[in-house]
file run.pdb (PDB, C-alpha atoms (C1' of nucleotides))
ATOM      1  CA  MET A  16     295.533  43.002 131.975
ATOM      2  CA  PRO A  17     292.179  44.549 131.450
ATOM      3  CA  GLU A  18     289.079  42.425 131.633
ATOM      4  CA  LEU A  19     286.032  43.338 133.682
ATOM      5  CA  PRO A  20     287.762  43.319 137.098
ATOM      6  CA  GLU A  21     290.771  45.317 135.988
ATOM      7  CA  VAL A  22     288.656  47.847 134.116
ATOM      8  CA  GLU A  23     286.450  48.176 137.185
ATOM      9  CA  GLU A  24     289.481  48.911 139.336
ATOM     10  CA  ALA A  25     290.870  51.437 136.852
ATOM     11  CA  ALA A  26     287.489  53.137 136.480
ATOM     12  CA  GLY A  27     287.342  53.494 140.252
ATOM     13  CA  ARG A  28     290.679  55.289 140.342
ATOM     14  CA  LEU A  29     289.590  57.471 137.450
ATOM     15  CA  ARG A  30     286.286  58.291 139.176
ATOM     16  CA  ARG A  31     287.951  59.311 142.422
ATOM     17  CA  ALA A  32     290.451  61.514 140.588
ATOM     18  CA  ALA A  33     288.153  63.113 138.047
ATOM     19  CA  VAL A  34     284.507  63.474 139.013
ATOM     20  CA  GLY A  35     283.550  67.054 139.815
ATOM     21  CA  HIS A  36     286.492  68.619 137.997
ATOM     22  CA  ARG A  37     286.759  70.572 134.764
ATOM     23  CA  VAL A  38     288.817  69.685 131.717
ATOM     24  CA  LEU A  39     291.656  72.102 130.959
ATOM     25  CA  ALA A  40     293.042  70.156 128.019
ATOM     26  CA  LEU A  41     292.493  66.937 126.103
ATOM     27  CA  ARG A  42     294.984  65.657 123.570
ATOM     28  CA  ALA A  43     295.448  62.418 121.674
ATOM     29  CA  LEU A  44     299.162  61.774 121.151
ATOM     30  CA  HIS A  45     299.561  58.673 119.012
ATOM     31  CA  PRO A  46     298.373  58.673 115.377
ATOM     32  CA  SER A  47     295.949  55.821 116.098
ATOM     33  CA  GLN A  48     294.219  57.749 118.839
ATOM     34  CA  ARG A  49     294.465  61.086 116.988
ATOM     35  CA  LYS A  50     292.488  59.536 114.185
ATOM     36  CA  GLN A  51     289.698  58.663 116.629
ATOM     37  CA  LEU A  52     289.956  61.934 118.515
ATOM     38  CA  PRO A  53     291.258  64.725 116.257
ATOM     39  CA  PRO A  54     292.166  68.049 117.912
ATOM     40  CA  ARG A  55     288.945  69.839 116.950
ATOM     41  CA  ARG A  56     286.828  67.051 118.465
ATOM     42  CA  ALA A  57     289.019  66.851 121.559
ATOM     43  CA  ARG A  58     288.503  70.575 122.111
ATOM     44  CA  ARG A  59     284.808  69.933 122.635
ATOM     45  CA  ALA A  60     285.609  68.529 126.068
ATOM     46  CA  VAL A  61     287.599  71.552 127.219
ATOM     47  CA  GLY A  62     285.817  73.566 129.908
ATOM     48  CA  ARG A  63     283.340  70.749 130.611
ATOM     49  CA  ARG A  64     282.916  69.353 134.090
ATOM     50  CA  ILE A  65     283.144  65.576 134.555
ATOM     51  CA  VAL A  66     279.939  64.449 136.253
ATOM     52  CA  ALA A  67     280.285  60.650 136.155
ATOM     53  CA  VAL A  68     282.673  57.823 135.362
ATOM     54  CA  GLU A  69     281.092  54.458 134.700
ATOM     55  CA  ARG A  70     282.079  51.018 133.491
ATOM     56  CA  ARG A  71     279.993  48.901 131.143
ATOM     57  CA  GLY A  72     281.590  45.602 130.138
ATOM     58  CA  LYS A  73     285.166  46.520 129.332
ATOM     59  CA  TYR A  74     284.248  50.084 128.351
ATOM     60  CA  GLN A  75     284.605  53.195 130.480
ATOM     61  CA  THR A  76     282.400  56.222 129.970
ATOM     62  CA  ILE A  77     283.410  59.682 131.133
ATOM     63  CA  ARG A  78     280.260  61.819 131.118
ATOM     64  CA  PHE A  79     280.413  65.605 131.017
ATOM     65  CA  ASP A  80     278.017  68.248 132.314
ATOM     66  CA  ASP A  81     276.621  68.795 128.804
ATOM     67  CA  ASP A  82     275.835  65.053 128.481
ATOM     68  CA  SER A  83     278.568  64.460 125.959
ATOM     69  CA  THR A  84     280.735  61.396 126.643
ATOM     70  CA  LEU A  85     284.277  60.188 126.247
ATOM     71  CA  LEU A  86     284.306  56.440 125.622
ATOM     72  CA  VAL A  87     287.519  54.605 126.496
ATOM     73  CA  HIS A  88     288.509  50.990 125.865
ATOM     74  CA  PHE A  89     291.819  49.606 127.135
ATOM     75  CA  ARG A  90     291.926  46.685 124.671
ATOM     76  CA  MET A  91     294.977  44.537 125.406
ATOM     77  CA  ASP A  92     296.967  46.575 127.883
ATOM     78  CA  GLY A  93     295.635  50.059 128.410
ATOM     79  CA  ASP A  94     295.643  51.681 131.835
ATOM     80  CA  TRP A  95     295.325  55.058 133.523
ATOM     81  CA  HIS A  96     298.327  56.842 134.949
ATOM     82  CA  ILE A  97     297.165  59.546 137.301
ATOM     83  CA  GLY A  98     299.458  62.302 138.506
ATOM     84  CA  PRO A  99     300.004  66.060 138.591
ATOM     85  CA  CYS A 100     299.869  68.065 135.338
ATOM     86  CA  GLY A 101     303.533  68.967 135.601
ATOM     87  CA  ASP A 102     304.724  65.387 135.317
ATOM     88  CA  PRO A 103     306.521  64.488 132.111
ATOM     89  CA  PRO A 104     304.236  62.408 129.901
ATOM     90  CA  ALA A 105     304.507  58.662 130.466
ATOM     91  CA  ARG A 106     306.410  56.754 127.805
ATOM     92  CA  PHE A 107     303.354  55.073 126.331
ATOM     93  CA  ALA A 108     300.812  57.820 126.956
ATOM     94  CA  ARG A 109     298.375  57.734 124.011
ATOM     95  CA  ALA A 110     296.033  60.460 125.260
ATOM     96  CA  VAL A 111     296.198  62.983 128.060
ATOM     97  CA  LEU A 112     293.439  64.728 129.981
ATOM     98  CA  ASP A 113     294.394  67.668 132.245
ATOM     99  CA  LEU A 114     291.939  68.712 134.953
ATOM    100  CA  ASP A 115     291.520  71.871 137.020
ATOM    101  CA  ASN A 116     292.603  70.085 140.208
ATOM    102  CA  ASP A 117     296.155  69.693 138.890
ATOM    103  CA  THR A 118     295.451  66.121 137.826
ATOM    104  CA  ARG A 119     296.725  64.605 134.616
ATOM    105  CA  LEU A 120     294.993  61.464 133.422
ATOM    106  CA  SER A 121     297.222  59.616 130.975
ATOM    107  CA  LEU A 122     295.810  56.780 128.918
ATOM    108  CA  VAL A 123     298.882  54.562 128.631
ATOM    109  CA  ASP A 124     299.034  51.590 126.289
ATOM    110  CA  ALA A 125     302.280  50.210 124.868
ATOM    111  CA  ARG A 126     300.544  48.608 121.897
ATOM    112  CA  ALA A 127     298.532  51.684 121.017
ATOM    113  CA  LEU A 128     295.436  49.560 120.463
ATOM    114  CA  CYS A 129     293.334  51.382 123.033
ATOM    115  CA  THR A 130     290.421  53.483 121.835
ATOM    116  CA  ILE A 131     289.197  56.892 122.992
ATOM    117  CA  THR A 132     286.253  58.542 121.254
ATOM    118  CA  TRP A 133     284.038  61.553 121.941
ATOM    119  CA  HIS A 134     280.256  61.337 121.585
ATOM    120  CA  GLU A 135     277.696  64.116 121.363
ATOM    121  CA  ARG A 136     274.778  64.305 123.751
ATOM    122  CA  GLY A 137     271.832  62.180 122.693
ATOM    123  CA  VAL A 138     273.744  59.335 121.060
ATOM    124  CA  ASP A 139     274.449  56.136 122.942
ATOM    125  CA  PRO A 140     278.242  55.844 122.828
ATOM    126  CA  LEU A 141     278.232  52.131 123.653
ATOM    127  CA  PRO A 142     277.949  49.291 121.165
ATOM    128  CA  ALA A 143     275.304  46.604 121.716
ATOM    129  CA  LEU A 144     276.378  44.636 124.767
ATOM    130  CA  GLY A 145     274.896  41.699 126.638
ATOM    131  CA  PRO A 146     274.231  41.842 130.356
ATOM    132  CA  GLU A 147     277.180  42.308 132.683
ATOM    133  CA  ALA A 148     278.859  38.930 132.967
ATOM    134  CA  ASP A 149     278.544  38.979 136.764
ATOM    135  CA  ASP A 150     274.964  40.273 136.827
ATOM    136  CA  PRO A 151     273.190  38.236 139.526
ATOM    137  CA  ALA A 152     269.940  38.486 137.554
ATOM    138  CA  ILE A 153     271.202  36.231 134.737
ATOM    139  CA  THR A 154     269.344  32.922 134.715
ATOM    140  CA  ALA A 155     270.264  29.612 133.151
ATOM    141  CA  THR A 156     267.121  29.851 131.029
ATOM    142  CA  ALA A 157     268.067  33.270 129.705
ATOM    143  CA  LEU A 158     271.572  32.098 128.916
ATOM    144  CA  ARG A 159     270.277  28.982 127.190
ATOM    145  CA  ASN A 160     268.045  31.176 125.029
ATOM    146  CA  ALA A 161     270.987  33.433 124.194
ATOM    147  CA  LEU A 162     273.082  30.428 123.178
ATOM    148  CA  ALA A 163     270.379  28.536 121.308
ATOM    149  CA  ALA A 164     271.084  30.158 117.956
ATOM    150  CA  ARG A 165     274.847  30.029 118.315
ATOM    151  CA  ARG A 166     277.012  27.673 116.370
ATOM    152  CA  GLY A 167     280.431  27.068 117.769
ATOM    153  CA  PRO A 168     282.280  26.266 120.983
ATOM    154  CA  ILE A 169     281.279  27.781 124.294
ATOM    155  CA  LYS A 170     284.679  29.403 124.826
ATOM    156  CA  ALA A 171     284.399  31.493 121.672
ATOM    157  CA  VAL A 172     280.825  32.469 122.485
ATOM    158  CA  LEU A 173     281.832  33.650 125.963
ATOM    159  CA  LEU A 174     284.190  36.148 124.337
ATOM    160  CA  ASP A 175     281.313  37.671 122.350
ATOM    161  CA  GLN A 176     280.427  40.848 124.252
ATOM    162  CA  ARG A 177     276.885  40.805 122.831
ATOM    163  CA  VAL A 178     276.220  37.623 124.811
ATOM    164  CA  LEU A 179     277.866  38.621 128.093
ATOM    165  CA  ALA A 180     279.769  41.856 128.631
ATOM    166  CA  GLY A 181     283.121  41.881 130.373
ATOM    167  CA  LEU A 182     284.614  38.422 129.897
ATOM    168  CA  GLY A 183     287.919  38.116 128.072
ATOM    169  CA  ASN A 184     290.268  35.271 127.312
ATOM    170  CA  ILE A 185     291.487  34.792 130.878
ATOM    171  CA  TYR A 186     288.221  34.737 132.792
ATOM    172  CA  ALA A 187     286.446  32.771 130.075
ATOM    173  CA  ALA A 188     289.012  29.989 130.560
ATOM    174  CA  GLU A 189     288.945  30.276 134.339
ATOM    175  CA  SER A 190     285.144  30.161 134.437
ATOM    176  CA  LEU A 191     284.946  27.065 132.233
ATOM    177  CA  TRP A 192     287.467  25.332 134.481
ATOM    178  CA  ARG A 193     285.443  26.160 137.591
ATOM    179  CA  ALA A 194     282.291  24.849 135.940
ATOM    180  CA  SER A 195     284.111  21.736 134.622
ATOM    181  CA  ILE A 196     283.031  22.468 131.064
ATOM    182  CA  HIS A 197     285.230  21.642 128.088
ATOM    183  CA  PRO A 198     285.969  24.839 126.130
ATOM    184  CA  ALA A 199     285.168  23.098 122.840
ATOM    185  CA  ALA A 200     281.708  22.004 124.001
ATOM    186  CA  SER A 201     279.066  23.204 121.570
ATOM    187  CA  ALA A 202     277.435  26.272 123.154
ATOM    188  CA  ALA A 203     273.934  25.529 121.903
ATOM    189  CA  THR A 204     273.831  22.023 123.352
ATOM    190  CA  LEU A 205     274.648  22.908 126.965
ATOM    191  CA  ARG A 206     271.769  22.124 129.321
ATOM    192  CA  GLU A 207     270.395  24.397 131.998
ATOM    193  CA  PRO A 208     272.027  22.719 135.020
ATOM    194  CA  THR A 209     275.384  23.029 133.262
ATOM    195  CA  LEU A 210     274.693  26.654 132.384
ATOM    196  CA  GLN A 211     273.707  27.380 135.972
ATOM    197  CA  ARG A 212     277.087  26.007 137.018
ATOM    198  CA  LEU A 213     278.732  28.223 134.415
ATOM    199  CA  ILE A 214     276.905  31.333 135.626
ATOM    200  CA  THR A 215     278.007  30.639 139.193
ATOM    201  CA  ALA A 216     281.558  29.986 138.017
ATOM    202  CA  ILE A 217     281.713  33.229 136.027
ATOM    203  CA  ARG A 218     280.565  35.202 139.046
ATOM    204  CA  ALA A 219     283.119  33.526 141.292
ATOM    205  CA  SER A 220     285.970  33.993 138.800
ATOM    206  CA  LEU A 221     285.172  37.664 138.334
ATOM    207  CA  ALA A 222     284.770  38.211 142.076
ATOM    208  CA  ASP A 223     288.228  36.712 142.567
ATOM    209  CA  GLY A 224     289.485  38.973 139.806
ATOM    210  CA  VAL A 225     287.989  42.047 141.447
ATOM    211  CA  ARG A 226     289.624  41.123 144.751
ATOM    212  CA  ASN A 227     292.945  40.553 143.032
ATOM    213  CA  ALA A 228     292.754  43.763 141.032
ATOM    214  CA  ALA A 229     292.211  45.707 144.244
ATOM    215  CA  ARG A 230     295.097  43.960 145.993
ATOM    216  CA  TYR A 231     297.439  44.121 143.045
ATOM    217  CA  ARG A 232     298.207  47.817 143.547
ATOM    218  CA  THR A 233     298.816  47.402 147.253
ATOM    219  CA  GLY A 234     301.432  44.728 146.642
ATOM    220  CA  VAL A 235     299.451  41.994 148.391
ATOM    221  CA  ARG A 236     299.935  38.553 146.874
ATOM    222  CA  VAL A 237     297.205  37.694 144.422
ATOM    223  CA  ALA A 238     295.523  34.305 144.117
ATOM    224  CA  PRO A 239     296.996  32.426 141.155
ATOM    225  CA  LEU A 240     294.875  31.531 138.154
ATOM    226  CA  LYS A 241     293.720  27.938 137.807
ATOM    227  CA  VAL A 242     294.372  27.237 134.128
ATOM    228  CA  TYR A 243     295.273  30.386 132.245
ATOM    229  CA  ASP A 244     298.932  30.365 131.138
ATOM    230  CA  ARG A 245     299.552  27.108 133.014
ATOM    231  CA  GLU A 246     300.157  24.761 130.111
ATOM    232  CA  GLY A 247     301.928  21.611 131.285
ATOM    233  CA  GLU A 248     301.242  22.206 134.965
ATOM    234  CA  PRO A 249     299.062  19.913 137.059
ATOM    235  CA  CYS A 250     295.416  20.776 137.632
ATOM    236  CA  THR A 251     294.826  21.776 141.266
ATOM    237  CA  ARG A 252     291.546  19.848 141.246
ATOM    238  CA  CYS A 253     292.388  16.535 139.600
ATOM    239  CA  GLY A 254     296.127  16.559 138.968
ATOM    240  CA  ALA A 255     295.862  16.043 135.211
ATOM    241  CA  THR A 256     297.997  18.202 132.933
ATOM    242  CA  ILE A 257     296.710  21.596 131.811
ATOM    243  CA  ARG A 258     296.549  21.822 128.028
ATOM    244  CA  ARG A 259     296.583  24.698 125.600
ATOM    245  CA  ILE A 260     294.613  24.715 122.360
ATOM    246  CA  THR A 261     293.824  27.445 119.848
ATOM    247  CA  GLN A 262     290.219  28.539 119.392
ATOM    248  CA  ALA A 263     289.141  31.414 117.165
ATOM    249  CA  GLY A 264     292.779  32.427 116.853
ATOM    250  CA  ARG A 265     293.548  32.643 120.554
ATOM    251  CA  SER A 266     294.890  30.404 123.263
ATOM    252  CA  THR A 267     292.524  28.413 125.442
ATOM    253  CA  TYR A 268     293.791  26.645 128.542
ATOM    254  CA  TYR A 269     291.854  23.809 130.141
ATOM    255  CA  CYS A 270     292.253  20.627 132.132
ATOM    256  CA  ALA A 271     291.821  17.499 130.058
ATOM    257  CA  GLY A 272     291.094  15.509 133.227
ATOM    258  CA  CYS A 273     288.130  17.341 134.706
ATOM    259  CA  GLN A 274     286.796  19.338 131.749
ATOM    260  CA  ARG A 275     285.461  16.463 129.663
ATOM    261  CA  LEU A 276     283.893  16.765 126.255
ATOM    262  CA  LYS A 277     280.613  14.843 126.360
ATOM    263  CA  ARG A 278     279.060  13.736 123.121
TER
ATOM    264  C1'  DT B  16     281.816  31.342 111.638
ATOM    265  C1'  DA B  17     286.788  31.827 111.029
ATOM    266  C1'  DT B  18     290.793  34.717 109.669
ATOM    267  C1'  DT B  19     293.150  39.160 109.251
ATOM    268  C1'  DC B  20     294.482  43.352 110.896
ATOM    269  C1'  DC B  21     295.394  47.092 114.012
ATOM    270  C1'  DC B  22     300.259  48.339 116.947
ATOM    271  C1'  DT B  23     304.423  47.532 119.600
ATOM    272  C1'  DG B  24     306.487  45.320 123.265
ATOM    273  C1'  DT B  25     308.238  41.165 125.777
ATOM    274  C1'  DG B  26     310.000  36.613 126.303
ATOM    275  C1'  DC B  27     311.734  32.425 124.335
TER
ATOM    276  C1'  DG C  29     314.860  36.706 115.174
ATOM    277  C1'  DC C  30     310.178  35.270 115.847
ATOM    278  C1'  DA C  31     305.966  33.756 118.074
ATOM    279  C1'  DC C  32     302.837  35.594 120.897
ATOM    280  C1'  DA C  33     300.010  38.899 123.679
ATOM    281  C1'  DG C  34     294.249  39.480 127.974
ATOM    282  C1'  DG C  35     290.247  42.882 122.285
ATOM    283  C1'  DG C  36     287.365  43.898 118.748
ATOM    284  C1'  DA C  37     286.188  45.502 114.001
ATOM    285  C1'  DA C  38     286.466  44.346 109.372
ATOM    286  C1'  DT C  39     286.629  40.987 106.103
ATOM    287  C1'  DA C  40     286.005  36.606 103.267
TER
END

call {"tool": "encode", "arguments": {"input": "run.pdb", "output": "C-alpha cells"}}
result
Amino acid sequence: MPELPEVEEAAGRLRRAAVGHRVLALRALHPSQRKQLPPRRARRAVGRRIVAVERRGKYQTIRFDDDSTLLVHFRMDGDWHIGPCGDPPARFARAVLDLDNDTRLSLVDARALCTITWHERGVDPLPALGPEADDPAITATALRNALAARRGPIKAVLLDQRVLAGLGNIYAAESLWRASIHPAASAATLREPTLQRLITAIRASLADGVRNAARYRTGVRVAPLKVYDREGEPCTRCGATIRRITQAGRSTYYCAGCQRLKR
DNA sequence: TATTCCCTGTGC
DNA sequence: GCACAGGGAATA
C-alpha cells in the first residue's frame, strides 16, 4: 500500500537497518528487475558503504560512499523484508541486498512491478518531481500557478508527480473529500481559497497516513479511510452515499452529497 | 489528454 | 473465470 506515508515508513526501517554498513551482495531475481539491474551493474554496489537512505515522493534513494545511488520504487505493492542473511528468500523477493551486519534487505513485490536501478555518481537518479505533497511551504498561489496550464480534472492532476510528489490514488481521493472538492472539478478553474483548503486537506490526510503506517506494524487499529474503497457506504460527514467513478483509467471514490461540482 | 502495458495475485 | 489492484512510462 505504498504512497508517501507507507514509503516513508519503509524507508525509515531501511535506514535503521542499512546506514553505515557495507554491501556484500546485490542481486536482482525476477527478469523484470534483472533487466533494470543486470549482474554486472549490480556488482558496482558490492563493497560500498551505505551512507544515506532518503525518500523523495514515492522514491527511495540508497546512497553509497562513492556517491552512486540505488533508486527504488515500490509501485503498487512493493515493500522491504528485513532479516538475517541466512533466511530463505521471501516468496516474492525481486531483489536482495546482503549487508556486512548479517542483514538481508529483500525487495518483495508480488506483481513484480517495482523498480530498482543503479546510478553513477554525478547523475541525478530522480525524475522531475514537484514539491513534496505535504511540504508546508506550498502556497495556494503556487498551486494555482502550477494548475493554470492544466486541462483536466483535479483528481487526475493530483496523481501527476510533477505537480506534487507523493500522492497516489488513495490519498488523492481522501484529500479531495476533506476539502469538499468534486474529483471531476476542472483543475485550472479552482480558486485560491479552495486550493488553500486542498493544501490543508492533503497535509492532514498524509499526516493521518503517516500515523497509520507507523501503527500498522505494531498491530494498533488504524483510522479508517473516509471514501477510498467505500462505494455504497454512507459519508461520515453528510450521510450521502459514497460513489465510485473511473477517471484516467482508475477508480475515484467521492461523496456526491458534500463534494459538489460547481459550474 | 486518454489508453495501453508492464506483472501476478486476490476477491467476487 | 474474470475484473480489478494503491504507479508510471510509453504510446496514439

call {"tool": "closest_residue", "arguments": {"input": "run.pdb", "among": "A:Pro140, A:Gly183, A:Gly98, A:Gly35", "to": "chain C", "atoms": "all atoms listed in the file"}}
result
A:Gly183

call {"tool": "closest_atom_pairs", "arguments": {"input": "run.pdb", "of": "chain A", "to": "chain B", "cutoff": "8 Å", "atoms": "only C-alpha atoms (C1' of nucleotides)", "output": "JSON lines"}}
result
{"residue": "A:Ala125", "atom": "CA", "partner": "B:DT23", "partner_atom": "C1'", "distance": 6.3}
{"residue": "A:Arg126", "atom": "CA", "partner": "B:DT23", "partner_atom": "C1'", "distance": 4.6}
{"residue": "A:Ala127", "atom": "CA", "partner": "B:DC22", "partner_atom": "C1'", "distance": 5.5}
{"residue": "A:Leu128", "atom": "CA", "partner": "B:DC22", "partner_atom": "C1'", "distance": 6.1}
{"residue": "A:Arg166", "atom": "CA", "partner": "B:DT16", "partner_atom": "C1'", "distance": 7.7}
{"residue": "A:Gly167", "atom": "CA", "partner": "B:DT16", "partner_atom": "C1'", "distance": 7.6}
{"residue": "A:Ala263", "atom": "CA", "partner": "B:DA17", "partner_atom": "C1'", "distance": 6.6}
{"residue": "A:Gly264", "atom": "CA", "partner": "B:DT18", "partner_atom": "C1'", "distance": 7.8}

call {"tool": "write_last_selection", "arguments": {"input": "run.pdb", "atoms": "C-alpha atoms", "output": "compact mmCIF listing (two decimals), in the frame of the given file"}}
result
# COMPACT_ATOMS: atom_id res chain seq x y z
CA ALA A 125 302.28 50.21 124.87
CA ARG A 126 300.54 48.61 121.90
CA ALA A 127 298.53 51.68 121.02
CA LEU A 128 295.44 49.56 120.46
CA ARG A 166 277.01 27.67 116.37
CA GLY A 167 280.43 27.07 117.77
CA ALA A 263 289.14 31.41 117.16
CA GLY A 264 292.78 32.43 116.85

call {"tool": "resolve_selection", "arguments": {"input": "run.pdb", "expression": "the PyMOL selection byres ((chain C) within 12 of (chain A))", "output": "list in words"}}
result
DC32, DA33, DG34, DG35, DG36 and DA37 of chain C

call {"tool": "resolve_selection", "arguments": {"input": "run.pdb", "expression": "the PyMOL selection byres ((chain A and resi 100) around 12)", "output": "list in words"}}
result
Val38, Leu39, Ala40, Leu41, His96, Ile97, Gly98, Pro99, Gly101, Asp102, Pro103, Pro104, Ala105, Val111, Leu112, Asp113, Leu114, Asp115, Asn116, Asp117, Thr118, Arg119, Leu120 and Ser121 of chain A

call {"tool": "residues_around", "arguments": {"input": "run.pdb", "residues": "Glu207 (chain A)", "least_positions_apart": "2", "cutoff": "7 Å", "atoms": "all atoms listed in the file", "output": "list in words"}}
result
Ala155, Thr156, Arg159, Leu205, Thr209, Leu210 and Gln211 of chain A

call {"tool": "resolve_selection", "arguments": {"input": "run.pdb", "expression": "the PyMOL selection byres ((chain A and resi 217) around 9)", "output": "list in words"}}
result
Ala148, Asp149, Leu182, Tyr186, Ala187, Glu189, Ser190, Leu191, Arg193, Ala194, Arg212, Leu213, Ile214, Thr215, Ala216, Arg218, Ala219, Ser220, Leu221 and Ala222 of chain A

call {"tool": "atom_distance", "arguments": {"input": "run.pdb", "atom1": "CA of Pro249 (chain A)", "atom2": "CA of Trp192 (chain A)"}}
result
13.1 Å

call {"tool": "atom_distance", "arguments": {"input": "run.pdb", "atom1": "CA of Arg37 (chain A)", "atom2": "CA of Pro20 (chain A)"}}
result
27.4 Å

call {"tool": "atom_distance", "arguments": {"input": "run.pdb", "atom1": "CA of Glu23 (chain A)", "atom2": "CA of Arg78 (chain A)"}}
result
16.2 Å

call {"tool": "residues_around", "arguments": {"input": "run.pdb", "residues": "Gln48 (chain A)", "least_positions_apart": "5", "cutoff": "9 Å", "atoms": "only C-alpha atoms (C1' of nucleotides)", "output": "ChimeraX atom specification"}}
result
/A:43,53,109-110,127-132

call {"tool": "build_atoms", "arguments": {"input": "run.pdb", "residues": "region 256-268 of chain A", "atoms": "N, CA and C atoms", "output": "PDB file, keeping the file's coordinate frame"}}
result
ATOM      1  N   THR A 256     297.172  17.133 133.490  1.00  0.00           N
ATOM      2  CA  THR A 256     297.997  18.202 132.933  1.00  0.00           C
ATOM      3  C   THR A 256     297.148  19.247 132.209  1.00  0.00           C
ATOM      4  N   ILE A 257     297.404  20.508 132.491  1.00  0.00           N
ATOM      5  CA  ILE A 257     296.710  21.596 131.811  1.00  0.00           C
ATOM      6  C   ILE A 257     297.183  21.659 130.364  1.00  0.00           C
ATOM      7  N   ARG A 258     296.221  21.764 129.455  1.00  0.00           N
ATOM      8  CA  ARG A 258     296.549  21.822 128.028  1.00  0.00           C
ATOM      9  C   ARG A 258     296.235  23.191 127.460  1.00  0.00           C
ATOM     10  N   ARG A 259     296.882  23.466 126.336  1.00  0.00           N
ATOM     11  CA  ARG A 259     296.583  24.698 125.600  1.00  0.00           C
ATOM     12  C   ARG A 259     296.163  24.330 124.187  1.00  0.00           C
ATOM     13  N   ILE A 260     295.048  24.881 123.743  1.00  0.00           N
ATOM     14  CA  ILE A 260     294.613  24.715 122.360  1.00  0.00           C
ATOM     15  C   ILE A 260     294.334  26.096 121.788  1.00  0.00           C
ATOM     16  N   THR A 261     294.169  26.173 120.478  1.00  0.00           N
ATOM     17  CA  THR A 261     293.824  27.445 119.848  1.00  0.00           C
ATOM     18  C   THR A 261     292.369  27.401 119.394  1.00  0.00           C
ATOM     19  N   GLN A 262     291.623  28.406 119.807  1.00  0.00           N
ATOM     20  CA  GLN A 262     290.219  28.539 119.392  1.00  0.00           C
ATOM     21  C   GLN A 262     290.016  29.964 118.904  1.00  0.00           C
ATOM     22  N   ALA A 263     289.405  30.082 117.730  1.00  0.00           N
ATOM     23  CA  ALA A 263     289.141  31.414 117.165  1.00  0.00           C
ATOM     24  C   ALA A 263     290.393  32.287 117.222  1.00  0.00           C
ATOM     25  N   GLY A 264     291.542  31.666 116.957  1.00  0.00           N
ATOM     26  CA  GLY A 264     292.779  32.427 116.853  1.00  0.00           C
ATOM     27  C   GLY A 264     293.433  32.785 118.166  1.00  0.00           C
ATOM     28  N   ARG A 265     292.876  32.338 119.297  1.00  0.00           N
ATOM     29  CA  ARG A 265     293.548  32.643 120.554  1.00  0.00           C
ATOM     30  C   ARG A 265     293.670  31.417 121.442  1.00  0.00           C
ATOM     31  N   SER A 266     294.593  31.538 122.393  1.00  0.00           N
ATOM     32  CA  SER A 266     294.890  30.404 123.263  1.00  0.00           C
ATOM     33  C   SER A 266     293.747  30.135 124.230  1.00  0.00           C
ATOM     34  N   THR A 267     293.434  28.843 124.384  1.00  0.00           N
ATOM     35  CA  THR A 267     292.524  28.413 125.442  1.00  0.00           C
ATOM     36  C   THR A 267     293.267  27.408 126.302  1.00  0.00           C
ATOM     37  N   TYR A 268     293.187  27.584 127.603  1.00  0.00           N
ATOM     38  CA  TYR A 268     293.791  26.645 128.542  1.00  0.00           C
ATOM     39  C   TYR A 268     292.677  25.891 129.245  1.00  0.00           C
TER      40      TYR A 268
END
